[in-house]
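The file work.pdb comes next; it holds PDB, C-alpha atoms.
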```pdb
ATOM      1  CA  MET A   1    -106.099-131.136 117.169
ATOM      2  CA  PHE A   2    -108.324-131.051 120.269
ATOM      3  CA  SER A   3    -108.507-134.860 120.485
ATOM      4  CA  LEU A   4    -104.718-134.983 120.215
ATOM      5  CA  ILE A   5    -104.340-132.545 123.110
ATOM      6  CA  ARG A   6    -106.842-134.495 125.251
ATOM      7  CA  THR A   7    -105.160-137.810 124.399
ATOM      8  CA  PHE A   8    -101.672-136.727 125.367
ATOM      9  CA  ALA A   9    -102.480-134.394 128.277
ATOM     10  CA  PRO A  10    -102.748-137.105 130.984
ATOM     11  CA  MET A  11     -99.526-138.864 129.974
ATOM     12  CA  LYS A  12     -96.831-137.430 132.231
ATOM     13  CA  GLN A  13     -93.967-139.004 130.291
ATOM     14  CA  ASP A  14     -95.050-137.176 127.140
ATOM     15  CA  LYS A  15     -95.867-133.787 128.717
ATOM     16  CA  ALA A  16     -92.303-132.489 128.675
ATOM     17  CA  LEU A  17     -91.717-133.509 125.063
ATOM     18  CA  ILE A  18     -95.011-131.973 123.922
ATOM     19  CA  ALA A  19     -94.226-128.779 125.863
ATOM     20  CA  HIS A  20     -90.768-128.460 124.264
ATOM     21  CA  LEU A  21     -92.141-129.124 120.779
ATOM     22  CA  SER A  22     -94.932-126.614 121.421
ATOM     23  CA  MET A  23     -92.533-123.839 122.450
ATOM     24  CA  PHE A  24     -90.203-124.556 119.541
ATOM     25  CA  GLY A  25     -93.107-124.520 117.091
ATOM     26  CA  ALA A  26     -94.516-121.281 118.521
ATOM     27  CA  CYS A  27     -91.200-119.426 118.457
ATOM     28  CA  ALA A  28     -90.277-120.712 114.987
ATOM     29  CA  GLY A  29     -93.702-119.589 113.751
ATOM     30  CA  TRP A  30     -93.237-116.159 115.348
ATOM     31  CA  GLY A  31     -89.738-115.877 113.896
ATOM     32  CA  LEU A  32     -91.074-116.473 110.369
ATOM     33  CA  MET A  33     -93.998-114.130 111.057
ATOM     34  CA  ALA A  34     -91.671-111.104 111.201
ATOM     35  CA  PRO A  35     -90.451-111.223 107.568
ATOM     36  CA  VAL A  36     -93.781-112.555 106.264
ATOM     37  CA  GLY A  37     -95.738-109.823 108.066
ATOM     38  CA  LYS A  38     -93.210-107.196 106.966
ATOM     39  CA  ASP A  39     -93.629-108.217 103.336
ATOM     40  CA  ALA A  40     -97.436-108.004 103.649
ATOM     41  CA  MET A  41     -97.136-104.533 105.161
ATOM     42  CA  THR A  42     -95.164-103.312 102.153
ATOM     43  CA  HIS A  43     -97.628-104.727  99.611
ATOM     44  CA  GLY A  44    -101.119-103.517 100.453
ATOM     45  CA  PHE A  45    -101.440-103.664 104.255
ATOM     46  CA  ASP A  46    -100.133-101.312 106.924
ATOM     47  CA  GLY A  47     -99.458-101.746 110.638
ATOM     48  CA  ILE A  48    -102.923-100.707 111.866
ATOM     49  CA  THR A  49    -104.699-102.949 109.344
ATOM     50  CA  MET A  50    -102.469-105.904 110.137
ATOM     51  CA  VAL A  51    -102.914-105.693 113.910
ATOM     52  CA  THR A  52    -106.693-105.371 113.450
ATOM     53  CA  PHE A  53    -106.763-108.512 111.324
ATOM     54  CA  ARG A  54    -104.564-110.317 113.878
ATOM     55  CA  VAL A  55    -106.812-109.508 116.830
ATOM     56  CA  VAL A  56    -110.215-109.841 115.167
ATOM     57  CA  GLY A  57    -109.214-112.869 113.086
ATOM     58  CA  ALA A  58    -107.773-114.736 116.071
ATOM     59  CA  CYS A  59    -110.837-113.797 118.144
ATOM     60  CA  LEU A  60    -113.132-115.484 115.607
ATOM     61  CA  LEU A  61    -110.876-118.544 115.401
ATOM     62  CA  PHE A  62    -110.738-118.955 119.195
ATOM     63  CA  TRP A  63    -114.521-118.656 119.544
ATOM     64  CA  LEU A  64    -114.912-121.295 116.818
ATOM     65  CA  ALA A  65    -112.318-123.523 118.472
ATOM     66  CA  SER A  66    -113.967-123.135 121.893
ATOM     67  CA  LEU A  67    -117.071-124.899 120.525
ATOM     68  CA  PHE A  68    -115.025-128.107 120.366
ATOM     69  CA  ALA A  69    -112.947-127.548 123.527
ATOM     70  CA  PRO A  70    -113.918-128.554 127.095
ATOM     71  CA  LYS A  71    -116.420-126.088 128.591
ATOM     72  CA  GLU A  72    -115.350-124.110 131.674
ATOM     73  CA  HIS A  73    -117.275-121.835 134.020
ATOM     74  CA  VAL A  74    -115.642-118.414 134.278
ATOM     75  CA  PRO A  75    -116.866-116.158 137.127
ATOM     76  CA  THR A  76    -117.706-112.541 136.301
ATOM     77  CA  LYS A  77    -114.697-111.378 138.332
ATOM     78  CA  ASP A  78    -112.309-113.356 136.122
ATOM     79  CA  LYS A  79    -114.086-112.249 132.946
ATOM     80  CA  LEU A  80    -113.413-108.671 133.995
ATOM     81  CA  MET A  81    -109.788-109.499 134.838
ATOM     82  CA  PHE A  82    -109.382-110.634 131.252
ATOM     83  CA  ILE A  83    -109.858-106.962 130.293
ATOM     84  CA  GLY A  84    -106.466-106.133 131.800
ATOM     85  CA  ALA A  85    -104.927-109.284 130.354
ATOM     86  CA  GLY A  86    -106.237-108.373 126.912
ATOM     87  CA  LEU A  87    -104.981-104.800 127.245
ATOM     88  CA  PHE A  88    -101.376-105.654 128.175
ATOM     89  CA  GLY A  89    -101.044-109.088 126.573
ATOM     90  CA  LEU A  90    -102.709-108.256 123.250
ATOM     91  CA  VAL A  91    -103.655-104.625 122.529
ATOM     92  CA  CYS A  92    -100.457-102.919 123.732
ATOM     93  CA  ASN A  93     -98.250-105.866 122.836
ATOM     94  CA  GLN A  94     -99.563-106.567 119.346
ATOM     95  CA  CYS A  95    -100.216-102.940 118.386
ATOM     96  CA  CYS A  96     -96.719-101.843 119.346
ATOM     97  CA  TYR A  97     -95.005-104.884 117.816
ATOM     98  CA  THR A  98     -96.955-104.950 114.545
ATOM     99  CA  ILE A  99     -96.795-101.193 113.934
ATOM    100  CA  GLY A 100     -93.131-101.208 114.984
ATOM    101  CA  LEU A 101     -92.432-104.030 112.525
ATOM    102  CA  SER A 102     -94.077-102.008 109.747
ATOM    103  CA  ILE A 103     -91.507 -99.246 110.391
ATOM    104  CA  THR A 104     -88.293-101.096 111.255
ATOM    105  CA  SER A 105     -86.585-104.165 109.784
ATOM    106  CA  PRO A 106     -87.753-107.718 110.609
ATOM    107  CA  ILE A 107     -84.234-108.504 111.831
ATOM    108  CA  ASN A 108     -84.310-105.673 114.388
ATOM    109  CA  ALA A 109     -87.842-106.582 115.483
ATOM    110  CA  SER A 110     -86.869-110.216 116.090
ATOM    111  CA  ILE A 111     -83.698-109.292 118.005
ATOM    112  CA  VAL A 112     -85.670-106.959 120.273
ATOM    113  CA  THR A 113     -88.105-109.788 121.150
ATOM    114  CA  THR A 114     -85.316-111.526 123.052
ATOM    115  CA  SER A 115     -85.348-108.707 125.626
ATOM    116  CA  MET A 116     -88.656-109.918 127.097
ATOM    117  CA  PRO A 117     -87.045-112.178 129.777
ATOM    118  CA  ILE A 118     -85.017-109.190 130.987
ATOM    119  CA  PHE A 119     -88.188-107.133 131.450
ATOM    120  CA  ALA A 120     -89.798-110.145 133.112
ATOM    121  CA  MET A 121     -86.914-110.330 135.598
ATOM    122  CA  LEU A 122     -87.150-106.616 136.471
ATOM    123  CA  LEU A 123     -90.925-106.756 136.906
ATOM    124  CA  ALA A 124     -90.645-109.933 138.969
ATOM    125  CA  ALA A 125     -88.291-108.070 141.313
ATOM    126  CA  LEU A 126     -90.750-105.175 141.665
ATOM    127  CA  ILE A 127     -94.022-107.119 141.772
ATOM    128  CA  LEU A 128     -93.109-110.596 143.023
ATOM    129  CA  LYS A 129     -90.100-109.515 145.138
ATOM    130  CA  GLU A 130     -87.712-111.827 143.299
ATOM    131  CA  PRO A 131     -84.060-111.110 144.249
ATOM    132  CA  ILE A 132     -81.743-109.408 141.746
ATOM    133  CA  THR A 133     -78.437-111.274 141.870
ATOM    134  CA  SER A 134     -75.133-110.070 140.438
ATOM    135  CA  LYS A 135     -75.606-112.484 137.526
ATOM    136  CA  LYS A 136     -79.040-110.988 136.812
ATOM    137  CA  ALA A 137     -77.656-107.443 137.034
ATOM    138  CA  LEU A 138     -74.846-108.253 134.586
ATOM    139  CA  GLY A 139     -77.348-109.905 132.267
ATOM    140  CA  VAL A 140     -79.577-106.822 132.290
ATOM    141  CA  LEU A 141     -76.571-104.557 131.592
ATOM    142  CA  MET A 142     -75.469-106.680 128.630
ATOM    143  CA  GLY A 143     -78.987-106.980 127.248
ATOM    144  CA  CYS A 144     -79.612-103.246 127.542
ATOM    145  CA  SER A 145     -76.263-102.536 125.874
ATOM    146  CA  GLY A 146     -77.251-104.726 122.935
ATOM    147  CA  ALA A 147     -80.662-103.090 122.634
ATOM    148  CA  LEU A 148     -79.105 -99.608 122.888
ATOM    149  CA  MET A 149     -76.570-100.463 120.169
ATOM    150  CA  LEU A 150     -79.383-101.672 117.929
ATOM    151  CA  ILE A 151     -81.433 -98.518 118.520
ATOM    152  CA  LEU A 152     -78.480 -96.165 117.944
ATOM    153  CA  THR A 153     -77.622 -97.981 114.705
ATOM    154  CA  SER A 154     -81.239 -97.639 113.604
ATOM    155  CA  ALA A 155     -81.265 -93.927 114.458
ATOM    156  CA  ALA A 156     -78.332 -93.416 112.112
ATOM    157  CA  HIS A 157     -79.913 -95.271 109.179
ATOM    158  CA  SER A 158     -83.738 -94.953 109.470
ATOM    159  CA  SER A 159     -84.314 -97.652 106.837
ATOM    160  CA  ASP A 160     -86.909-100.405 106.885
ATOM    161  CA  LYS A 161     -84.158-102.842 105.832
ATOM    162  CA  VAL A 162     -81.540-101.760 108.377
ATOM    163  CA  GLY A 163     -83.841-100.420 111.091
ATOM    164  CA  ASP A 164     -85.702 -97.407 112.414
ATOM    165  CA  ILE A 165     -85.486 -96.115 115.981
ATOM    166  CA  ARG A 166     -89.248 -95.543 116.168
ATOM    167  CA  GLY A 167     -89.982 -99.129 115.187
ATOM    168  CA  ASP A 168     -87.320-100.526 117.510
ATOM    169  CA  LEU A 169     -88.714 -98.593 120.479
ATOM    170  CA  LEU A 170     -92.263 -99.733 119.710
ATOM    171  CA  CYS A 171     -91.112-103.373 119.523
ATOM    172  CA  LEU A 172     -89.203-102.876 122.784
ATOM    173  CA  PHE A 173     -92.299-101.503 124.521
ATOM    174  CA  ALA A 174     -94.276-104.483 123.178
ATOM    175  CA  GLN A 175     -91.931-106.826 125.080
ATOM    176  CA  PHE A 176     -92.335-104.752 128.241
ATOM    177  CA  SER A 177     -96.122-104.910 127.901
ATOM    178  CA  PHE A 178     -96.099-108.696 127.483
ATOM    179  CA  ALA A 179     -93.742-109.148 130.430
ATOM    180  CA  LEU A 180     -96.101-107.009 132.538
ATOM    181  CA  TYR A 181     -99.003-109.190 131.421
ATOM    182  CA  LEU A 182     -97.139-112.344 132.486
ATOM    183  CA  SER A 183     -96.263-110.878 135.891
ATOM    184  CA  LEU A 184     -99.744-109.566 136.704
ATOM    185  CA  PHE A 185    -101.990-112.260 135.228
ATOM    186  CA  ASN A 186    -100.035-115.506 135.562
ATOM    187  CA  PRO A 187    -102.403-116.958 138.246
ATOM    188  CA  LEU A 188    -105.401-116.184 136.018
ATOM    189  CA  ILE A 189    -103.793-117.868 133.013
ATOM    190  CA  ARG A 190    -103.150-121.070 134.942
ATOM    191  CA  ARG A 191    -106.799-121.470 135.990
ATOM    192  CA  TYR A 192    -108.250-122.116 132.532
ATOM    193  CA  ASN A 193    -107.479-123.944 129.297
ATOM    194  CA  VAL A 194    -105.882-122.123 126.380
ATOM    195  CA  PHE A 195    -109.119-121.759 124.431
ATOM    196  CA  THR A 196    -111.057-120.215 127.305
ATOM    197  CA  ILE A 197    -108.207-117.789 128.071
ATOM    198  CA  ASN A 198    -107.724-116.625 124.517
ATOM    199  CA  LYS A 199    -111.443-116.484 123.739
ATOM    200  CA  TYR A 200    -111.978-113.854 126.432
ATOM    201  CA  MET A 201    -108.666-112.041 125.953
ATOM    202  CA  PHE A 202    -109.126-111.627 122.204
ATOM    203  CA  SER A 203    -112.786-110.657 122.662
ATOM    204  CA  TRP A 204    -111.905-107.788 124.999
ATOM    205  CA  ALA A 205    -108.986-106.802 122.748
ATOM    206  CA  THR A 206    -111.340-106.669 119.739
ATOM    207  CA  LEU A 207    -113.785-104.433 121.637
ATOM    208  CA  MET A 208    -110.951-102.098 122.651
ATOM    209  CA  LEU A 209    -109.316-101.954 119.228
ATOM    210  CA  LEU A 210    -111.995-102.135 116.538
ATOM    211  CA  PRO A 211    -113.811 -98.810 117.267
ATOM    212  CA  PHE A 212    -110.543 -96.926 116.658
ATOM    213  CA  THR A 213    -109.334 -98.844 113.582
ATOM    214  CA  PHE A 214    -112.489 -99.808 111.665
ATOM    215  CA  SER A 215    -112.681 -96.720 109.436
ATOM    216  CA  HIS A 216    -108.948 -96.860 108.647
ATOM    217  CA  VAL A 217    -109.101-100.567 107.788
ATOM    218  CA  SER A 218    -112.126 -99.973 105.550
ATOM    219  CA  GLU A 219    -110.157 -97.374 103.572
ATOM    220  CA  VAL A 220    -107.193 -99.736 103.158
ATOM    221  CA  LEU A 221    -109.390-102.632 102.017
ATOM    222  CA  ALA A 222    -111.052-100.402  99.421
ATOM    223  CA  ASN A 223    -107.800-100.598  97.421
ATOM    224  CA  PRO A 224    -106.765-103.717  95.433
ATOM    225  CA  ILE A 225    -104.573-106.061  97.496
ATOM    226  CA  PRO A 226    -102.366-108.765  95.888
ATOM    227  CA  THR A 227    -103.260-112.421  96.449
ATOM    228  CA  LYS A 228     -99.782-113.042  97.895
ATOM    229  CA  THR A 229    -100.453-110.430 100.574
ATOM    230  CA  TRP A 230    -103.691-112.174 101.588
ATOM    231  CA  TRP A 231    -101.795-115.457 101.990
ATOM    232  CA  GLU A 232     -99.214-113.681 104.153
ATOM    233  CA  VAL A 233    -101.976-112.148 106.291
ATOM    234  CA  ALA A 234    -103.542-115.604 106.638
ATOM    235  CA  TYR A 235    -100.207-116.916 107.936
ATOM    236  CA  VAL A 236     -99.889-114.073 110.467
ATOM    237  CA  VAL A 237    -103.444-114.622 111.767
ATOM    238  CA  GLY A 238    -103.646-118.413 111.590
ATOM    239  CA  ILE A 239    -100.118-119.617 112.352
ATOM    240  CA  GLY A 240     -98.398-116.647 113.967
ATOM    241  CA  THR A 241    -101.323-115.706 116.210
ATOM    242  CA  PHE A 242    -103.915-118.493 116.621
ATOM    243  CA  PHE A 243    -101.633-121.537 116.713
ATOM    244  CA  GLY A 244     -98.765-119.509 118.186
ATOM    245  CA  TYR A 245    -100.791-118.569 121.279
ATOM    246  CA  ILE A 246    -102.094-122.126 121.676
ATOM    247  CA  LEU A 247     -98.632-123.673 121.475
ATOM    248  CA  THR A 248     -96.922-121.185 123.792
ATOM    249  CA  MET A 249     -99.563-121.630 126.497
ATOM    250  CA  LEU A 250     -99.236-125.413 126.265
ATOM    251  CA  GLY A 251     -95.499-124.987 126.766
ATOM    252  CA  GLN A 252     -95.854-122.517 129.656
ATOM    253  CA  ARG A 253     -98.041-124.961 131.597
ATOM    254  CA  ALA A 254     -95.375-127.673 131.747
ATOM    255  CA  LEU A 255     -92.031-125.849 131.563
ATOM    256  CA  ARG A 256     -90.294-123.519 133.996
ATOM    257  CA  PRO A 257     -90.268-119.841 132.956
ATOM    258  CA  THR A 258     -86.489-119.941 132.516
ATOM    259  CA  VAL A 259     -86.797-122.794 130.026
ATOM    260  CA  VAL A 260     -89.597-121.011 128.174
ATOM    261  CA  SER A 261     -87.433-117.890 127.924
ATOM    262  CA  VAL A 262     -84.614-119.794 126.234
ATOM    263  CA  TYR A 263     -86.906-120.550 123.288
ATOM    264  CA  ASN A 264     -86.931-116.814 122.475
ATOM    265  CA  TYR A 265     -83.558-117.509 120.849
ATOM    266  CA  VAL A 266     -85.342-119.424 118.066
ATOM    267  CA  GLN A 267     -87.211-116.329 116.829
ATOM    268  CA  PRO A 268     -84.308-114.161 115.610
ATOM    269  CA  ILE A 269     -82.508-117.158 114.097
ATOM    270  CA  VAL A 270     -85.539-118.016 111.946
ATOM    271  CA  SER A 271     -86.343-114.370 111.254
ATOM    272  CA  VAL A 272     -82.824-113.384 110.205
ATOM    273  CA  ALA A 273     -82.484-116.406 107.892
ATOM    274  CA  ALA A 274     -85.881-115.803 106.282
ATOM    275  CA  SER A 275     -85.315-112.032 105.965
ATOM    276  CA  LEU A 276     -82.011-112.502 104.177
ATOM    277  CA  LEU A 277     -83.480-115.153 101.851
ATOM    278  CA  MET A 278     -86.466-112.910 101.042
ATOM    279  CA  GLY A 279     -84.212-109.887 100.476
ATOM    280  CA  ILE A 280     -86.071-107.691 102.972
ATOM    281  CA  GLY A 281     -83.346-107.487 105.602
ATOM    282  CA  VAL A 282     -79.664-106.518 105.810
ATOM    283  CA  LEU A 283     -77.375-108.080 108.422
ATOM    284  CA  LYS A 284     -74.657-105.661 109.557
ATOM    285  CA  PRO A 285     -71.737-106.237 111.998
ATOM    286  CA  THR A 286     -73.499-104.131 114.641
ATOM    287  CA  HIS A 287     -76.515-106.447 114.382
ATOM    288  CA  ALA A 288     -74.293-109.458 115.072
ATOM    289  CA  LEU A 289     -72.718-107.776 118.114
ATOM    290  CA  ALA A 290     -76.158-106.718 119.374
ATOM    291  CA  VAL A 291     -77.337-110.328 119.030
ATOM    292  CA  VAL A 292     -74.382-111.584 121.080
ATOM    293  CA  LEU A 293     -74.969-109.001 123.834
ATOM    294  CA  VAL A 294     -78.733-109.521 124.034
ATOM    295  CA  PHE A 295     -78.500-113.325 123.903
ATOM    296  CA  SER A 296     -75.748-113.358 126.537
ATOM    297  CA  GLY A 297     -77.714-111.010 128.767
ATOM    298  CA  VAL A 298     -80.883-113.062 128.514
ATOM    299  CA  TRP A 299     -78.919-116.270 129.135
ATOM    300  CA  LEU A 300     -77.418-114.832 132.339
ATOM    301  CA  VAL A 301     -80.832-113.665 133.548
ATOM    302  CA  THR A 302     -82.500-117.015 132.895
ATOM    303  CA  LYS A 303     -79.622-118.949 134.496
ATOM    304  CA  SER A 304     -79.593-116.938 137.721
ATOM    305  CA  LYS A 305     -81.338-118.303 140.784
ATOM    306  CA  SER A 306     -84.931-117.425 141.645
ATOM    307  CA  ARG A 307     -86.241-116.675 145.149
ATOM    308  CA  HIS A 308     -87.626-120.233 145.313
ATOM    309  CA  ASP A 309     -84.194-121.677 144.416
ATOM    310  CA  MET A 310     -82.528-119.616 147.153
ATOM    311  CA  GLU A 311     -85.115-120.639 149.746
ATOM    312  CA  GLN A 312     -84.654-124.289 148.824
ATOM    313  CA  LYS A 313     -80.866-123.975 149.160
ATOM    314  CA  GLN A 314     -81.135-122.457 152.649
ATOM    315  CA  ARG A 315     -83.181-125.379 153.983
TER     316      ARG A 315
END
```
Could I get this file's structure written as structure tokens?
Amino acid sequence: MFSLIRTFAPMKQDKALIAHLSMFGACAGWGLMAPVGKDAMTHGFDGITMVTFRVVGACLLFWLASLFAPKEHVPTKDKLMFIGAGLFGLVCNQCCYTIGLSITSPINASIVTTSMPIFAMLLAALILKEPITSKKALGVLMGCSGALMLILTSAAHSSDKVGDIRGDLLCLFAQFSFALYLSLFNPLIRRYNVFTINKYMFSWATLMLLPFTFSHVSEVLANPIPTKTWWEVAYVVGIGTFFGYILTMLGQRALRPTVVSVYNYVQPIVSVAASLLMGIGVLKPTHALAVVLVFSGVWLVTKSKSRHDMEQKQR
């Protein structure tokens, strides 16, 4: 894998194709992770145990992978900055999403993930002083309407097949946390390769998480767990987390943020299809309308002009 990355990296004509394939692969893997992870968390695991395995398992895999990756010097200042990146990009994000998924339906969780570009736009306006155009404002209104419809539907049902307001809100906060991570730590991410970044981020996340979850996880593992569940956990850790983070960072390095955001659409499509096939999700008319509103809102936000685009037009 590493030799493949090194071989193709210098070839400009292949960078775009590799970046698009990377983002598609990451989002498809994440989309399938929702129903697979949900099934594991109903057959032996729970949300706290799953997120602990995700963080600690990926940490070990990234340290192992870094032995074969190019070595980079990371100053102490940047190592400490990875604490914040690990907090918002991993601990808050993965804890809220994984525990939220254990409560709500995989369909709701995957639909909520598409709200991340909307949060990114709002935070960019506050932190990076990006302008909020009328198209962006309409997109935010439509996206929020879709999310609100989803949450109100969940509040009325409180079912792990239809949805649960607590899980939906946790998944929503997970997207906010990740958008905050992207806004605050984007320059740091661009300075290092994917293995160096994730090695330090997952290490700090493990140190923050494990002291609070170790005893709980030990109790869960003391009970018999089906072999199928272990395979599902392996998928969540290996494909959904380890390879997912590698692929998305490869895509983010070559593609504009608006293009990267569009690939969020892949997640709910894969998740909804897999959930229905596995019998762990129910698609209702309100879900379909929520999808249309959220997708349309995100599309408007990603299609609106950035500050750089406006400055270029004025010249």
Please measure the separation of atom CA of A:Ala124 and atom CA of A:Pro187, giving the value in Å to one decimal.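 That distance, rounded to one decimal, is 13.7 Å.
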Close residues, A:Met23 itself excluded, 7 Å, only C-alpha atoms, min 4 positions apart in chain, as an MDAnalysis selection string: chainID A and resid 19 27 247:248 251 263
Neighbours of point (-104.2, -104.3, 111.1) within 12 Å, using all atoms listed in the file, written as a PyMOL selection string: chain A and resi 37+40-41+44-57+91+94-99+101-102+206+209-210+212-221+233+236-237
Coordinates-based distance that separates atom CA of A:Ala16 from atom CA of A:Phe82 (Å, one decimal):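 Between atom CA of A:Phe82 and atom CA of A:Ala16 the gap is 27.9 Å.
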Expand the PyMOL selection byres ((chain A and resi 74) around 12) into the individual residues it matches in the shown file, reporting them as a compact mmCIF listing (two decimals) with C-alpha atoms, keeping the file's coordinate frame.
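Saved result, selection_1.txt, follows:
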```
# COMPACT_ATOMS: atom_id res chain seq x y z
CA LYS A 71 -116.42 -126.09 128.59
CA GLU A 72 -115.35 -124.11 131.67
CA HIS A 73 -117.28 -121.84 134.02
CA PRO A 75 -116.87 -116.16 137.13
CA THR A 76 -117.71 -112.54 136.30
CA LYS A 77 -114.70 -111.38 138.33
CA ASP A 78 -112.31 -113.36 136.12
CA LYS A 79 -114.09 -112.25 132.95
CA LEU A 80 -113.41 -108.67 134.00
CA MET A 81 -109.79 -109.50 134.84
CA PHE A 82 -109.38 -110.63 131.25
CA LEU A 188 -105.40 -116.18 136.02
CA ILE A 189 -103.79 -117.87 133.01
CA ARG A 191 -106.80 -121.47 135.99
CA TYR A 192 -108.25 -122.12 132.53
CA ASN A 193 -107.48 -123.94 129.30
CA THR A 196 -111.06 -120.22 127.30
CA ILE A 197 -108.21 -117.79 128.07
CA LYS A 199 -111.44 -116.48 123.74
CA TYR A 200 -111.98 -113.85 126.43
```
